[in-house]
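Here's input.cif, which has mmCIF, N, CA and C atoms:
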data_run
loop_
_atom_site.label_atom_id
_atom_site.label_comp_id
_atom_site.auth_asym_id
_atom_site.auth_seq_id
_atom_site.Cartn_x
_atom_site.Cartn_y
_atom_site.Cartn_z
N MET G 1 138.04 103.98 86.79
CA MET G 1 136.70 104.50 87.03
C MET G 1 136.72 105.30 88.33
N ALA G 2 135.90 106.31 88.38
CA ALA G 2 135.80 107.17 89.56
C ALA G 2 135.28 106.38 90.76
N ALA G 3 135.52 106.91 91.94
CA ALA G 3 135.11 106.25 93.17
C ALA G 3 133.62 106.44 93.48
N GLY G 4 132.98 107.40 92.83
CA GLY G 4 131.56 107.64 93.10
C GLY G 4 131.32 108.39 94.39
N THR G 5 132.30 109.23 94.77
CA THR G 5 132.17 110.07 95.96
C THR G 5 132.00 111.52 95.50
N LYS G 6 131.66 112.41 96.42
CA LYS G 6 131.50 113.81 96.05
C LYS G 6 132.81 114.38 95.48
N ASP G 7 133.95 113.95 96.04
CA ASP G 7 135.25 114.43 95.57
C ASP G 7 135.73 113.74 94.30
N ASP G 8 135.17 112.57 94.00
CA ASP G 8 135.54 111.80 92.80
C ASP G 8 134.28 111.18 92.20
N PRO G 9 133.38 112.03 91.67
CA PRO G 9 132.08 111.54 91.19
C PRO G 9 132.20 110.79 89.86
N TRP G 10 131.16 110.00 89.60
CA TRP G 10 131.06 109.38 88.29
C TRP G 10 130.66 110.47 87.30
N VAL G 11 131.34 110.57 86.19
CA VAL G 11 130.98 111.51 85.13
C VAL G 11 130.32 110.67 84.04
N LEU G 12 129.07 110.97 83.77
CA LEU G 12 128.26 110.15 82.89
C LEU G 12 127.65 110.97 81.77
N LYS G 13 127.13 110.28 80.77
CA LYS G 13 126.37 110.92 79.70
C LYS G 13 125.04 110.21 79.58
N THR G 14 124.01 110.96 79.24
CA THR G 14 122.71 110.36 79.00
C THR G 14 122.82 109.35 77.87
N ALA G 15 121.85 108.45 77.77
CA ALA G 15 121.92 107.38 76.76
C ALA G 15 122.16 107.90 75.35
N PRO G 16 121.52 109.01 74.92
CA PRO G 16 121.83 109.50 73.57
C PRO G 16 123.21 110.15 73.47
N GLY G 17 123.87 110.38 74.60
CA GLY G 17 125.18 111.01 74.60
C GLY G 17 125.11 112.52 74.49
N SER G 18 123.92 113.09 74.68
CA SER G 18 123.72 114.52 74.44
C SER G 18 124.01 115.40 75.66
N SER G 19 123.99 114.83 76.86
CA SER G 19 124.21 115.65 78.07
C SER G 19 125.13 114.92 79.04
N GLU G 20 126.02 115.67 79.65
CA GLU G 20 126.93 115.13 80.66
C GLU G 20 126.43 115.54 82.04
N TYR G 21 126.61 114.66 83.02
CA TYR G 21 126.22 114.94 84.39
C TYR G 21 127.09 114.11 85.32
N THR G 22 127.04 114.41 86.60
CA THR G 22 127.81 113.64 87.57
C THR G 22 126.88 113.02 88.60
N MET G 23 127.33 111.92 89.19
CA MET G 23 126.59 111.26 90.27
C MET G 23 127.60 110.79 91.32
N TRP G 24 127.14 110.77 92.56
CA TRP G 24 127.96 110.23 93.63
C TRP G 24 127.07 109.73 94.76
N ARG G 25 127.66 108.86 95.56
CA ARG G 25 126.97 108.30 96.72
C ARG G 25 127.13 109.21 97.92
N ASP G 26 126.06 109.39 98.68
CA ASP G 26 126.12 110.05 99.98
C ASP G 26 125.55 109.05 100.98
N GLU G 27 126.43 108.18 101.46
CA GLU G 27 125.99 107.09 102.33
C GLU G 27 125.65 107.56 103.74
N ASP G 28 126.06 108.78 104.09
CA ASP G 28 125.76 109.33 105.42
C ASP G 28 124.39 109.99 105.48
N ALA G 29 123.78 110.22 104.33
CA ALA G 29 122.44 110.83 104.30
C ALA G 29 121.42 109.83 104.82
N ASP G 30 120.26 110.33 105.21
CA ASP G 30 119.18 109.48 105.69
C ASP G 30 117.94 109.72 104.85
N PRO G 31 117.60 108.80 103.95
CA PRO G 31 118.25 107.52 103.66
C PRO G 31 119.52 107.74 102.83
N PRO G 32 120.37 106.72 102.76
CA PRO G 32 121.55 106.83 101.89
C PRO G 32 121.11 107.26 100.49
N THR G 33 121.85 108.20 99.92
CA THR G 33 121.38 108.90 98.74
C THR G 33 122.37 108.81 97.58
N LEU G 34 121.81 108.81 96.39
CA LEU G 34 122.57 108.94 95.16
C LEU G 34 122.29 110.35 94.66
N VAL G 35 123.32 111.18 94.62
CA VAL G 35 123.17 112.57 94.21
C VAL G 35 123.51 112.69 92.73
N CYS G 36 122.64 113.37 92.00
CA CYS G 36 122.80 113.56 90.56
C CYS G 36 122.87 115.06 90.29
N GLN G 37 124.00 115.52 89.78
CA GLN G 37 124.20 116.94 89.48
C GLN G 37 124.15 117.14 87.97
N VAL G 38 123.12 117.86 87.52
CA VAL G 38 122.94 118.14 86.10
C VAL G 38 122.97 119.66 85.95
N GLY G 39 124.10 120.18 85.54
CA GLY G 39 124.25 121.64 85.49
C GLY G 39 124.10 122.20 86.90
N THR G 40 123.16 123.11 87.08
CA THR G 40 122.94 123.69 88.41
C THR G 40 121.83 122.96 89.17
N THR G 41 121.23 121.95 88.55
CA THR G 41 120.13 121.20 89.17
C THR G 41 120.66 119.98 89.89
N THR G 42 120.19 119.78 91.13
CA THR G 42 120.56 118.61 91.92
C THR G 42 119.33 117.73 92.11
N LEU G 43 119.47 116.48 91.71
CA LEU G 43 118.42 115.49 91.94
C LEU G 43 118.97 114.49 92.94
N ARG G 44 118.09 113.91 93.73
CA ARG G 44 118.50 112.93 94.73
C ARG G 44 117.60 111.71 94.64
N TYR G 45 118.24 110.55 94.62
CA TYR G 45 117.52 109.29 94.57
C TYR G 45 117.99 108.40 95.71
N GLN G 46 117.15 107.48 96.14
CA GLN G 46 117.59 106.53 97.15
C GLN G 46 118.74 105.71 96.58
N LEU G 47 119.79 105.56 97.34
CA LEU G 47 120.99 104.85 96.88
C LEU G 47 120.68 103.41 96.49
N ARG G 48 119.75 102.81 97.18
CA ARG G 48 119.41 101.41 96.88
C ARG G 48 118.85 101.25 95.47
N ALA G 49 118.53 102.35 94.79
CA ALA G 49 118.01 102.28 93.43
C ALA G 49 118.97 101.55 92.50
N ILE G 50 120.26 101.65 92.74
CA ILE G 50 121.24 100.97 91.89
C ILE G 50 120.99 99.46 91.90
N ASP G 51 120.99 98.87 93.07
CA ASP G 51 120.80 97.42 93.18
C ASP G 51 119.38 97.00 92.81
N ASP G 52 118.40 97.81 93.23
CA ASP G 52 117.00 97.46 92.95
C ASP G 52 116.72 97.50 91.45
N LEU G 53 117.22 98.52 90.75
CA LEU G 53 116.99 98.60 89.31
C LEU G 53 117.71 97.48 88.58
N ALA G 54 118.92 97.17 89.00
CA ALA G 54 119.66 96.06 88.37
C ALA G 54 118.89 94.75 88.53
N ALA G 55 118.33 94.51 89.71
CA ALA G 55 117.55 93.29 89.95
C ALA G 55 116.29 93.28 89.09
N TRP G 56 115.60 94.41 89.00
CA TRP G 56 114.38 94.49 88.20
C TRP G 56 114.69 94.24 86.73
N LEU G 57 115.77 94.81 86.22
CA LEU G 57 116.14 94.57 84.83
C LEU G 57 116.43 93.09 84.59
N ARG G 58 117.08 92.43 85.54
CA ARG G 58 117.32 90.97 85.41
C ARG G 58 115.99 90.23 85.34
N GLU G 59 115.02 90.62 86.16
CA GLU G 59 113.71 89.98 86.16
C GLU G 59 113.00 90.16 84.82
N GLN G 60 113.18 91.31 84.17
CA GLN G 60 112.51 91.57 82.91
C GLN G 60 113.03 90.68 81.80
N GLY G 61 114.31 90.34 81.84
CA GLY G 61 114.89 89.39 80.90
C GLY G 61 115.08 89.87 79.48
N ASP G 62 114.71 91.11 79.18
CA ASP G 62 114.87 91.63 77.82
C ASP G 62 114.96 93.14 77.88
N TRP G 63 115.01 93.78 76.73
CA TRP G 63 115.12 95.23 76.66
C TRP G 63 113.87 95.91 77.23
N VAL G 64 114.08 96.98 78.00
CA VAL G 64 113.00 97.77 78.59
C VAL G 64 113.21 99.22 78.17
N PRO G 65 112.16 99.91 77.69
CA PRO G 65 112.32 101.32 77.35
C PRO G 65 112.66 102.15 78.58
N LEU G 66 113.49 103.20 78.39
CA LEU G 66 113.85 104.06 79.52
C LEU G 66 112.68 104.95 79.93
N GLY G 67 112.06 105.62 78.98
CA GLY G 67 110.87 106.40 79.26
C GLY G 67 111.03 107.57 80.21
N ALA G 68 112.15 108.26 80.18
CA ALA G 68 112.41 109.37 81.10
C ALA G 68 111.32 110.44 81.00
N ALA G 69 110.90 110.95 82.17
CA ALA G 69 109.89 112.02 82.22
C ALA G 69 110.08 112.81 83.51
N ASP G 70 109.77 114.11 83.43
CA ASP G 70 109.77 114.94 84.63
C ASP G 70 108.72 114.43 85.61
N GLU G 71 108.87 114.78 86.86
CA GLU G 71 107.93 114.34 87.90
C GLU G 71 106.49 114.72 87.57
N GLN G 72 106.27 115.87 86.99
CA GLN G 72 104.93 116.37 86.73
C GLN G 72 104.25 115.69 85.54
N LYS G 73 105.01 114.90 84.78
CA LYS G 73 104.46 114.22 83.61
C LYS G 73 104.29 112.73 83.90
N PRO G 74 103.27 112.12 83.34
CA PRO G 74 103.10 110.68 83.56
C PRO G 74 104.20 109.89 82.85
N ALA G 75 104.54 108.76 83.44
CA ALA G 75 105.54 107.87 82.83
C ALA G 75 104.82 106.78 82.06
N ALA G 76 105.33 106.45 80.89
CA ALA G 76 104.73 105.40 80.07
C ALA G 76 104.86 104.05 80.79
N ALA G 77 103.81 103.28 80.77
CA ALA G 77 103.78 101.97 81.42
C ALA G 77 104.88 101.08 80.86
N GLY G 78 105.48 100.28 81.75
CA GLY G 78 106.49 99.31 81.33
C GLY G 78 107.88 99.87 81.14
N THR G 79 108.08 101.14 81.48
CA THR G 79 109.39 101.76 81.31
C THR G 79 110.17 101.78 82.62
N VAL G 80 111.47 102.03 82.53
CA VAL G 80 112.30 102.21 83.72
C VAL G 80 111.73 103.35 84.56
N GLU G 81 111.34 104.44 83.91
CA GLU G 81 110.78 105.60 84.63
C GLU G 81 109.54 105.21 85.42
N ALA G 82 108.62 104.47 84.80
CA ALA G 82 107.40 104.06 85.49
C ALA G 82 107.72 103.18 86.69
N TRP G 83 108.67 102.25 86.53
CA TRP G 83 109.05 101.38 87.64
C TRP G 83 109.64 102.20 88.79
N GLY G 84 110.40 103.25 88.48
CA GLY G 84 111.02 104.09 89.50
C GLY G 84 110.03 104.90 90.31
N ARG G 85 108.75 104.87 89.94
CA ARG G 85 107.68 105.60 90.64
C ARG G 85 106.59 104.67 91.18
N ASP G 86 106.63 103.42 90.76
CA ASP G 86 105.55 102.48 90.99
C ASP G 86 105.42 102.07 92.46
N GLU G 87 104.20 102.05 92.94
CA GLU G 87 103.96 101.63 94.32
C GLU G 87 104.32 100.17 94.54
N ALA G 88 104.46 99.39 93.47
CA ALA G 88 104.81 97.98 93.59
C ALA G 88 106.33 97.75 93.60
N ASN G 89 107.15 98.81 93.44
CA ASN G 89 108.60 98.61 93.48
C ASN G 89 109.05 98.40 94.94
N PRO G 90 110.30 98.02 95.17
CA PRO G 90 110.74 97.69 96.54
C PRO G 90 110.63 98.83 97.57
N VAL G 91 110.57 100.09 97.15
CA VAL G 91 110.43 101.18 98.11
C VAL G 91 108.99 101.70 98.18
N GLY G 92 108.10 101.10 97.41
CA GLY G 92 106.69 101.47 97.47
C GLY G 92 106.37 102.82 96.85
N GLY G 93 107.11 103.20 95.82
CA GLY G 93 106.84 104.47 95.14
C GLY G 93 108.10 105.11 94.62
N TRP G 94 108.18 106.42 94.73
CA TRP G 94 109.28 107.19 94.15
C TRP G 94 110.64 106.86 94.76
N TYR G 95 111.63 106.62 93.91
CA TYR G 95 113.03 106.54 94.35
C TYR G 95 113.59 107.95 94.49
N GLY G 96 113.03 108.89 93.74
CA GLY G 96 113.46 110.29 93.83
C GLY G 96 113.08 110.87 95.18
N LEU G 97 113.98 111.65 95.77
CA LEU G 97 113.78 112.16 97.13
C LEU G 97 113.42 113.63 97.20
N ARG G 98 113.72 114.39 96.18
CA ARG G 98 113.51 115.84 96.24
C ARG G 98 112.22 116.20 95.51
N LYS G 99 111.19 116.55 96.26
CA LYS G 99 109.88 116.86 95.67
C LYS G 99 110.03 117.91 94.58
N GLY G 100 109.37 117.66 93.47
CA GLY G 100 109.49 118.53 92.31
C GLY G 100 110.61 118.11 91.38
N TYR G 101 111.53 117.29 91.89
CA TYR G 101 112.69 116.82 91.11
C TYR G 101 112.85 115.30 91.25
N ARG G 102 111.74 114.59 91.42
CA ARG G 102 111.82 113.15 91.64
C ARG G 102 111.84 112.35 90.35
N GLY G 103 111.53 112.98 89.24
CA GLY G 103 111.49 112.28 87.96
C GLY G 103 112.85 112.14 87.32
N ARG G 104 112.83 111.80 86.06
CA ARG G 104 114.04 111.59 85.25
C ARG G 104 114.86 110.38 85.70
N PHE G 105 114.24 109.51 86.47
CA PHE G 105 114.87 108.27 86.92
C PHE G 105 115.37 107.48 85.71
N GLY G 106 114.53 107.38 84.68
CA GLY G 106 114.88 106.64 83.48
C GLY G 106 115.95 107.30 82.62
N MET G 107 116.22 108.56 82.90
CA MET G 107 117.27 109.30 82.17
C MET G 107 118.63 109.11 82.82
N TYR G 108 118.68 109.22 84.14
CA TYR G 108 119.97 109.31 84.82
C TYR G 108 120.46 108.03 85.48
N LEU G 109 119.58 107.12 85.88
CA LEU G 109 120.04 105.88 86.53
C LEU G 109 120.63 104.86 85.56
N PRO G 110 119.99 104.59 84.41
CA PRO G 110 120.55 103.56 83.53
C PRO G 110 121.99 103.79 83.07
N PRO G 111 122.41 105.01 82.73
CA PRO G 111 123.83 105.17 82.35
C PRO G 111 124.79 104.84 83.49
N LEU G 112 124.37 105.09 84.73
CA LEU G 112 125.21 104.70 85.86
C LEU G 112 125.31 103.18 85.94
N LEU G 113 124.19 102.49 85.79
CA LEU G 113 124.23 101.03 85.81
C LEU G 113 125.12 100.49 84.70
N GLU G 114 125.08 101.14 83.54
CA GLU G 114 125.96 100.71 82.45
C GLU G 114 127.42 100.90 82.83
N ALA G 115 127.75 102.05 83.40
CA ALA G 115 129.13 102.33 83.81
C ALA G 115 129.61 101.35 84.87
N LEU G 116 128.70 100.89 85.72
CA LEU G 116 129.05 99.94 86.78
C LEU G 116 129.06 98.49 86.28
N GLY G 117 128.72 98.28 85.01
CA GLY G 117 128.71 96.94 84.44
C GLY G 117 127.47 96.14 84.79
N LEU G 118 126.40 96.81 85.23
CA LEU G 118 125.18 96.12 85.65
C LEU G 118 124.10 96.10 84.57
N ALA G 119 124.25 96.93 83.54
CA ALA G 119 123.23 97.01 82.49
C ALA G 119 123.88 97.36 81.16
N GLU G 120 123.14 97.09 80.10
CA GLU G 120 123.50 97.52 78.76
C GLU G 120 122.45 98.53 78.32
N LEU G 121 122.86 99.52 77.54
CA LEU G 121 121.93 100.52 77.02
C LEU G 121 122.07 100.62 75.52
N THR G 122 120.99 101.04 74.88
CA THR G 122 121.11 101.47 73.50
C THR G 122 121.48 102.95 73.55
N HIS G 123 122.07 103.44 72.50
CA HIS G 123 122.54 104.84 72.49
C HIS G 123 122.06 105.54 71.22
N ASP G 124 120.76 105.49 71.01
CA ASP G 124 120.16 106.14 69.86
C ASP G 124 119.78 107.57 70.22
N ALA G 125 119.37 108.34 69.24
CA ALA G 125 118.97 109.73 69.48
C ALA G 125 117.71 109.81 70.35
N ARG G 126 116.84 108.80 70.25
CA ARG G 126 115.59 108.77 71.02
C ARG G 126 115.21 107.33 71.32
N ASN G 127 114.27 107.18 72.26
CA ASN G 127 113.66 105.88 72.56
C ASN G 127 114.67 104.81 72.94
N ASN G 128 115.58 105.14 73.85
CA ASN G 128 116.60 104.19 74.27
C ASN G 128 116.02 103.16 75.23
N ARG G 129 116.74 102.05 75.32
CA ARG G 129 116.29 100.93 76.14
C ARG G 129 117.47 100.42 76.98
N ALA G 130 117.12 99.65 78.02
CA ALA G 130 118.13 99.04 78.89
C ALA G 130 117.78 97.59 79.12
N ARG G 131 118.81 96.81 79.41
CA ARG G 131 118.60 95.42 79.85
C ARG G 131 119.74 95.08 80.78
N ALA G 132 119.55 94.06 81.57
CA ALA G 132 120.58 93.62 82.51
C ALA G 132 121.80 93.16 81.73
N ALA G 133 122.97 93.43 82.26
CA ALA G 133 124.21 92.99 81.64
C ALA G 133 124.37 91.49 81.81
N GLY G 134 125.02 90.88 80.83
CA GLY G 134 125.30 89.46 80.93
C GLY G 134 124.14 88.65 80.51
#
So, in terms of structure tokens, how does the structure I just supplied come out?
Amino acid sequence: MAAGTKDDPWVLKTAPGSSEYTMWRDEDADPPTLVCQVGTTTLRYQLRAIDDLAAWLREQGDWVPLGAADEQKPAAAGTVEAWGRDEANPVGGWYGLRKGYRGRFGMYLPPLLEALGLAELTHDARNNRARAAG
């Protein structure tokens, strides 16, 4: 498995397997950042999202819909996407750091958790779900 650095990023696919993207840690950023490169678009999330999302999925105890949505669109209640924006989450709102590109949390974070062995995903054409591994 890749080291998850800019020089050796994680190469991932969305849950349906339709798009490839890379992610890496930038621990020197303030706050420490998870960089997501999708084609020419760069999204940035707080690095702690990995551990926080894994913990939240464990708390849920069952499958949770991913519910990916752009920042400008509302996220369906009870989804990974909604939790990634919720004022009740551990960071008090958006994990996404780049205004205008803070969404798609439910699209890009769960496949990373799966690759790290922290979550399981369904891999259907639509309406995918995640749950804590183990």
Item to check | Answer as a ChimeraX atom specification, residues within 9 Å of (107.9, 115.4, 87.3) using only C-alpha atoms | outcome: /G:69-74,99-104
Checklist outcome for this item: The residue from G:Lys6, G:Lys13, G:Arg48, G:Arg129 with the smallest atom-to-atom distance to Arg25 of chain G, counting only C-alpha atoms, is G:Lys6
Checklist entry - In Å to one decimal, how far is atom N of Pro31 of chain G from atom N of Gly67 of chain G? => result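 Computed distance, atom N of Gly67 of chain G to atom N of Pro31 of chain G, equals 25.8 Å.
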Item to check | Result set of the PyMOL selection byres ((chain G and resi 64) around 7) on the coordinates above, as a PyMOL selection string | outcome: chain G and resi 62-63+65-67+78-80+128-131
Next on the checklist: List as number ranges by chain the protein and nucleic acid residues near segment 40-43 of chain G, meaning an atom at most 6.5 Å away when only N, CA and C atoms are counted, but skip any in the same chain fewer than 6 places from it.
Outcome noted: G: 34, 97-98, 101
Checklist entry - Taking the file as shown, what set of residues would the PyMOL selection byres (((chain G and resi 55 and name CA) around 12) and name CA) give back, as a ChimeraX atom specification? => result /G:48-54,56-61,83,89-90,113,118-119,131-133
Next on the checklist: Quick check for you: according to DSSP on this backbone, which residues of chain G are classed as strand (DSSP E)? Reply as a ChimeraX atom specification.
Outcome noted: /G:10-13,20-26,33-38,41-46,64-65,119-121,129-132
Item to check | Between atom C of Ala76 of chain G and atom C of Ala115 of chain G, distance in Å (one decimal) | outcome: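 Spanning atom C of Ala76 of chain G to atom C of Ala115 of chain G is a straight-line distance of 25.2 Å.
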Next on the checklist: To one decimal place in Å, what is the distance between atom N of Leu112 of chain G and atom CA of Thr33 of chain G?
Outcome noted: 14.8 Å
Checklist entry - From the set G:Pro9, G:Gly106, G:Gly39, G:Pro111, which residue has the shortest atom-to-atom contact distance to Asn127 of chain G, counting only C-alpha atoms? => result G:Gly106
